[in-house]
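K.L.:
My structure is in run21.txt, and what it holds is compact mmCIF, C-alpha atoms:
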# COMPACT_ATOMS: atom_id res chain seq x y z
CA MET A 1 -13.15 69.69 39.08
CA ASP A 2 -14.49 71.27 35.93
CA ARG A 3 -16.32 68.25 34.54
CA GLU A 4 -17.16 69.86 31.20
CA TYR A 5 -13.52 70.81 30.61
CA PHE A 6 -12.29 67.26 31.10
CA TYR A 7 -15.12 65.89 28.98
CA SER A 8 -13.94 68.17 26.17
CA ILE A 9 -10.30 67.04 26.18
CA ILE A 10 -10.47 63.34 27.08
CA ASN A 11 -10.74 62.14 23.46
CA GLY A 12 -7.77 64.23 22.37
CA LYS A 13 -7.49 66.07 19.05
CA GLY A 14 -6.42 63.08 16.94
CA THR A 15 -3.61 65.02 15.26
CA LEU A 16 -0.48 63.60 16.93
CA ASP A 17 1.37 60.63 15.46
CA TYR A 18 0.46 58.44 18.44
CA GLU A 19 -3.21 59.35 18.07
CA ILE A 20 -3.18 58.81 14.32
CA TYR A 21 -1.46 55.43 14.54
CA LEU A 22 -3.78 54.11 17.26
CA LYS A 23 -6.83 55.86 15.79
CA THR A 24 -7.63 57.18 19.26
CA GLN A 25 -10.33 59.53 17.96
CA ALA A 26 -12.32 56.59 16.58
CA LEU A 27 -11.46 54.34 19.51
CA LEU A 28 -12.51 56.81 22.19
CA SER A 29 -15.68 57.62 20.30
CA CYS A 30 -16.86 54.00 20.42
CA GLN A 31 -18.55 54.62 23.76
CA LYS A 32 -21.67 56.64 24.43
CA ASP A 33 -21.27 60.36 24.85
CA PHE A 34 -21.15 61.29 28.53
CA LYS A 35 -24.50 63.06 28.36
CA ASP A 36 -26.17 59.92 26.93
CA LEU A 37 -25.02 57.46 29.62
CA CYS A 38 -27.95 55.97 31.54
CA ASN A 39 -25.91 56.01 34.76
CA SER A 40 -22.32 56.45 35.96
CA ASP A 41 -21.52 52.73 35.51
CA GLU A 42 -22.52 52.39 31.87
CA LEU A 43 -19.17 53.65 30.59
CA GLN A 44 -17.25 50.93 32.44
CA PHE A 45 -19.76 48.35 31.20
CA GLN A 46 -19.13 49.36 27.59
CA ILE A 47 -15.35 49.64 27.95
CA VAL A 48 -14.91 46.26 29.66
CA HIS A 49 -16.99 44.49 27.02
CA GLN A 50 -15.37 46.35 24.14
CA SER A 51 -11.89 45.51 25.42
CA GLU A 52 -12.91 41.86 25.79
CA GLU A 53 -13.88 41.90 22.11
CA LEU A 54 -10.47 43.33 21.20
CA TRP A 55 -8.68 40.67 23.24
CA MET A 56 -10.74 37.92 21.61
CA LYS A 57 -9.86 39.34 18.21
CA LEU A 58 -6.17 39.07 19.10
CA ILE A 59 -6.66 35.52 20.42
CA ALA A 60 -8.39 34.46 17.20
CA TYR A 61 -5.65 36.04 15.08
CA THR A 62 -2.98 34.29 17.15
CA LEU A 63 -4.74 30.92 16.98
CA LEU A 64 -4.60 31.12 13.18
CA ASP A 65 -0.81 31.51 13.44
CA ILE A 66 -0.65 28.69 15.97
CA ASP A 67 -2.50 26.39 13.59
CA ASP A 68 0.03 27.19 10.84
CA TYR A 69 2.94 26.41 13.16
CA ILE A 70 1.31 23.18 14.35
CA GLN A 71 1.14 22.06 10.74
CA GLN A 72 4.84 22.91 10.39
CA GLU A 73 5.58 21.15 13.71
CA ASN A 74 7.36 24.31 14.83
CA THR A 75 6.87 23.52 18.50
CA ASN A 76 8.81 26.47 19.89
CA ARG A 77 6.62 28.96 18.03
CA VAL A 78 3.47 27.07 19.03
CA ILE A 79 4.38 27.20 22.71
CA THR A 80 5.46 30.85 22.59
CA LEU A 81 2.23 31.94 20.93
CA PHE A 82 0.10 29.84 23.25
CA GLY A 83 1.87 31.63 26.10
CA ARG A 84 0.57 34.90 24.65
CA VAL A 85 -2.96 33.51 24.34
CA HIS A 86 -2.93 32.20 27.91
CA ARG A 87 -1.83 35.60 29.24
CA ILE A 88 -4.62 37.34 27.34
CA GLN A 89 -7.14 34.87 28.70
CA ARG A 90 -6.03 35.61 32.27
CA ILE A 91 -6.36 39.35 31.58
CA MET A 92 -9.90 38.77 30.29
CA ILE A 93 -10.84 36.87 33.44
CA GLU A 94 -9.35 39.55 35.68
CA GLN A 95 -11.11 42.32 33.75
CA LEU A 96 -14.50 40.87 34.61
CA SER A 97 -13.87 41.71 38.26
CA VAL A 98 -14.11 45.41 37.37
CA LEU A 99 -17.82 44.86 36.74
CA GLU A 100 -18.26 43.60 40.28
CA THR A 101 -18.06 47.26 41.38
CA MET A 102 -21.41 47.79 39.66
CA SER A 103 -24.51 47.28 41.81
CA PRO A 104 -27.39 45.05 40.65
CA LYS A 105 -29.63 48.14 40.55
CA GLU A 106 -27.28 49.99 38.22
CA TYR A 107 -26.91 46.91 36.04
CA GLN A 108 -30.69 46.70 35.68
CA GLU A 109 -30.69 50.27 34.39
CA ILE A 110 -28.05 49.33 31.81
CA ARG A 111 -30.00 46.22 30.81
CA ALA A 112 -32.97 48.45 30.08
CA VAL A 113 -31.03 50.20 27.29
CA LEU A 114 -29.40 47.06 25.88
CA GLY A 115 -32.48 46.13 23.89
CA ASN A 116 -32.30 42.38 23.26
CA GLY A 117 -28.51 42.36 23.30
CA SER A 118 -26.73 39.35 24.78
CA GLY A 119 -23.17 38.18 25.31
CA GLN A 120 -24.12 35.16 23.22
CA GLU A 121 -24.06 37.55 20.23
CA SER A 122 -20.40 38.43 20.77
CA PRO A 123 -18.55 38.02 17.44
CA GLY A 124 -15.28 37.25 19.23
CA PHE A 125 -16.81 34.61 21.48
CA SER A 126 -18.68 33.01 18.57
CA THR A 127 -15.46 32.86 16.54
CA LEU A 128 -13.47 31.22 19.34
CA LEU A 129 -16.19 28.60 19.77
CA LYS A 130 -15.47 27.49 16.19
CA MET A 131 -11.66 27.53 16.27
CA TYR A 132 -10.88 24.65 18.61
CA LYS A 133 -11.95 21.96 16.12
CA PRO A 134 -9.43 22.80 13.36
CA LEU A 135 -6.73 23.22 16.03
CA TRP A 136 -7.45 19.75 17.38
CA LYS A 137 -7.57 18.29 13.87
CA SER A 138 -4.14 19.73 13.05
CA PHE A 139 -2.66 18.52 16.34
CA VAL A 140 -3.94 14.97 15.80
CA LYS A 141 -2.68 14.86 12.22
CA TYR A 142 0.78 16.39 12.65
CA TYR A 143 1.76 15.58 16.22
CA LEU A 144 0.02 12.25 16.82
CA LYS A 145 -0.78 10.27 13.66
CA GLN A 146 2.29 11.42 11.76
CA HIS A 147 4.49 10.06 14.58
CA ASN A 148 2.38 7.01 15.40
CA LEU A 149 1.43 8.51 18.74
CA THR A 150 -1.76 8.57 20.80
CA LEU A 151 -2.79 10.56 23.84
CA GLU A 152 -2.33 7.45 25.95
CA LYS A 153 1.23 7.10 24.71
CA ILE A 154 2.33 10.70 25.26
CA TYR A 155 0.69 10.93 28.69
CA ASN A 156 1.42 7.46 29.98
CA HIS A 157 2.92 4.50 28.12
CA ASP A 158 5.66 6.36 26.21
CA TYR A 159 5.74 9.49 28.37
CA ASN A 160 8.96 11.47 27.84
CA HIS A 161 7.71 15.06 27.75
CA CYS A 162 7.94 15.06 23.94
CA ASN A 163 6.82 17.83 21.58
CA ALA A 164 3.37 16.30 21.24
CA TYR A 165 2.99 16.34 25.03
CA VAL A 166 3.92 20.01 25.51
CA VAL A 167 1.62 21.10 22.67
CA ALA A 168 -1.20 18.99 24.15
CA GLU A 169 -0.65 20.71 27.49
CA ALA A 170 -0.81 24.12 25.81
CA LEU A 171 -4.13 23.12 24.25
CA VAL A 172 -5.42 21.95 27.62
CA GLU A 173 -4.36 25.25 29.22
CA TYR A 174 -6.24 27.18 26.55
CA ASP A 175 -9.30 24.99 27.12
CA GLU A 176 -9.15 25.39 30.91
CA LEU A 177 -8.77 29.17 30.79
CA PHE A 178 -11.61 29.51 28.27
CA GLN A 179 -13.91 27.57 30.59
CA LYS A 180 -12.71 29.63 33.57
CA PHE A 181 -13.68 32.77 31.69
CA ARG A 182 -17.13 31.34 31.08
CA TYR A 183 -17.43 30.39 34.73
CA HIS A 184 -16.46 33.85 36.00
CA HIS A 185 -18.86 35.45 33.52
CA PHE A 186 -21.62 33.15 34.76
CA GLN A 187 -20.85 34.06 38.37
CA LEU A 188 -20.93 37.76 37.49
CA ILE A 189 -24.41 37.35 36.01
CA TYR A 190 -25.51 35.31 39.01
CA ARG A 191 -24.25 38.06 41.32
CA SER A 192 -25.97 40.78 39.28
CA ILE A 193 -29.40 39.38 38.47
CA GLY A 194 -29.70 35.94 40.07
CA ILE A 195 -29.74 32.41 38.72
CA GLN A 196 -33.48 32.25 38.04
CA ALA A 197 -33.63 35.47 36.03
CA LYS A 198 -34.16 35.50 32.28
CA SER A 199 -31.70 36.89 29.78
CA LEU A 200 -32.68 39.67 27.42
CA LYS A 201 -33.41 36.92 24.91
CA GLY A 202 -35.96 35.45 27.32
CA ARG A 203 -33.83 32.42 28.23
CA TYR A 204 -33.24 31.42 31.83
CA ILE A 205 -29.76 32.36 33.03
CA ASN A 206 -29.13 28.90 34.49
CA LEU A 207 -29.00 27.57 30.92
CA LEU A 208 -25.57 29.24 30.69
CA ASN A 209 -24.40 26.70 33.23
CA LYS A 210 -24.33 24.11 30.46
CA GLY A 211 -21.67 26.09 28.63
CA ILE A 212 -19.20 26.02 31.51
CA ARG A 213 -19.28 22.21 31.44
CA MET A 214 -18.13 22.21 27.82
CA GLN A 215 -14.71 20.75 27.01
CA PHE A 216 -12.82 21.54 23.82
CA PHE A 217 -10.20 18.80 23.79
CA LYS A 218 -10.21 15.17 24.78
Can you turn what I pasted into structure tokens?
P.N.:
Amino acid sequence: MDREYFYSIINGKGTLDYEIYLKTQALLSCQKDFKDLCNSDELQFQIVHQSEELWMKLIAYTLLDIDDYIQQENTNRVITLFGRVHRIQRIMIEQLSVLETMSPKEYQEIRAVLGNGSGQESPGFSTLLKMYKPLWKSFVKYYLKQHNLTLEKIYNHDYNHCNAYVVAEALVEYDELFQKFRYHHFQLIYRSIGIQAKSLKGRYINLLNKGIRMQFFK
């Protein structure tokens, strides 16, 4: 194939309605130019991580809507939107497997050009780490206290699969999938550079293990 020809057309011209609406020229220019890639795997590394940021942006946006609907006790909307979030989370977990096609050697070459960059600096991840507390506060206020309910009641003593129960289960599903994402990310790092290696911030990788034991909701 004529590599240079395909390099020249892959970003499109940016003049068609589809391209203008999706801002494909800007989007497809967010990665390094082909000639600047440190190896053939760096493009996938950038695209996977950039797409994860986009998915986390959508999750955060959706969680804001969910919080509004929790406060309105609009259970159907809460469950529908949590269904969207859960699907996105599963996509994010599955996407990480693409990076398993990258060898440890090639990853070390990419690390060399990352500077001191770290996944801990992800704006999307940092945002999601802050959003569970207001969600839990709203759930407790509007679905539990306002109806004289407790977790023990909805899960055991007065169990009847009520609205509070199904929303609690949606919260638990979000929590579980978030921790699964962290676990798979940890395993990817372990596979790539080993458990005793140091991050680009100089911290030992095994410290990340603490994060996967975190629980959002009681």
K.L.:
To one decimal in Å, tell me the separation between CA of Val85 in chain A and CA of Asp65 in chain A.
P.N.:
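Spanning CA of Val85 in chain A to CA of Asp65 in chain A is a straight-line distance of 11.3 Å.
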K.L.:
Measuring between only C-alpha atoms, which one of A:Leu64, A:Ile9, A:Val98, A:Ile91 shows the shortest distance to Ile47 in chain A?
P.N.:
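Closest to Ile47 in chain A of all the choices is A:Val98.
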K.L.:
Taking all atoms listed in the file into account, which of A:Trp55, A:Phe139, A:Phe178, A:Tyr107 comes nearest Gly124 in chain A?
P.N.:
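Among the listed residues, the smallest separation from Gly124 in chain A belongs to A:Trp55.
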K.L.:
What gap, in Å, lies between CA of Thr24 in chain A and CA of Ile88 in chain A?
P.N.:
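We find that CA of Thr24 in chain A and CA of Ile88 in chain A lie 21.6 Å from each other.
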K.L.:
Between A:Ile10, A:Trp136, A:Glu19, A:Tyr143, which has the minimum distance to Asn74 in chain A (counting all atoms listed in the file)?
P.N.:
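Counting all atoms listed in the file, the residue closest to Asn74 in chain A is A:Tyr143.
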K.L.:
At a cut-off of 10 Å, using all atoms listed in the file, what residues contact Val140 in chain A? Leave out same-chain residues fewer than 3 positions from it and give the result as a ChimeraX atom specification.
P.N.:
/A:70,134-137,143-147,149-151,164,168
K.L.:
Using Å and a single decimal, report how far CA of Gln71 in chain A sits from CA of Ser138 in chain A.
P.N.:
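We find that CA of Ser138 in chain A and CA of Gln71 in chain A lie 6.2 Å from each other.
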K.L.:
Which residue gives the smallest distance to Ser40 in chain A among A:Met102, A:Leu27, A:Leu54, A:Leu177, with all atoms listed in the file counted?
P.N.:
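Of all the options, A:Met102 lies closest to Ser40 in chain A.
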K.L.:
Which of these residues is nearest to His184 in chain A, using all atoms listed in the file: A:Ser51, A:Asn11, A:Gln95, A:Thr75?
P.N.:
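Among A:Ser51, A:Asn11, A:Gln95, A:Thr75, it is A:Gln95 that comes nearest to His184 in chain A.
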K.L.:
Please determine, counting all atoms listed in the file, which residue among A:Lys35, A:Lys57, A:Lys23, A:His86 has the shortest atom-to-atom distance to Arg3 in chain A.
P.N.:
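Using all atoms listed in the file, the shortest distance to Arg3 in chain A belongs to A:Lys35.
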K.L.:
Show which residues sit within 12 Å of Glu52 in chain A, as a VMD selection string. Count all atoms listed in the file, and ignore same-chain residues fewer than 5 positions away.
P.N.:
chain A and resid 45 to 47 57 to 59 88 to 96 119 122 to 125 181 185
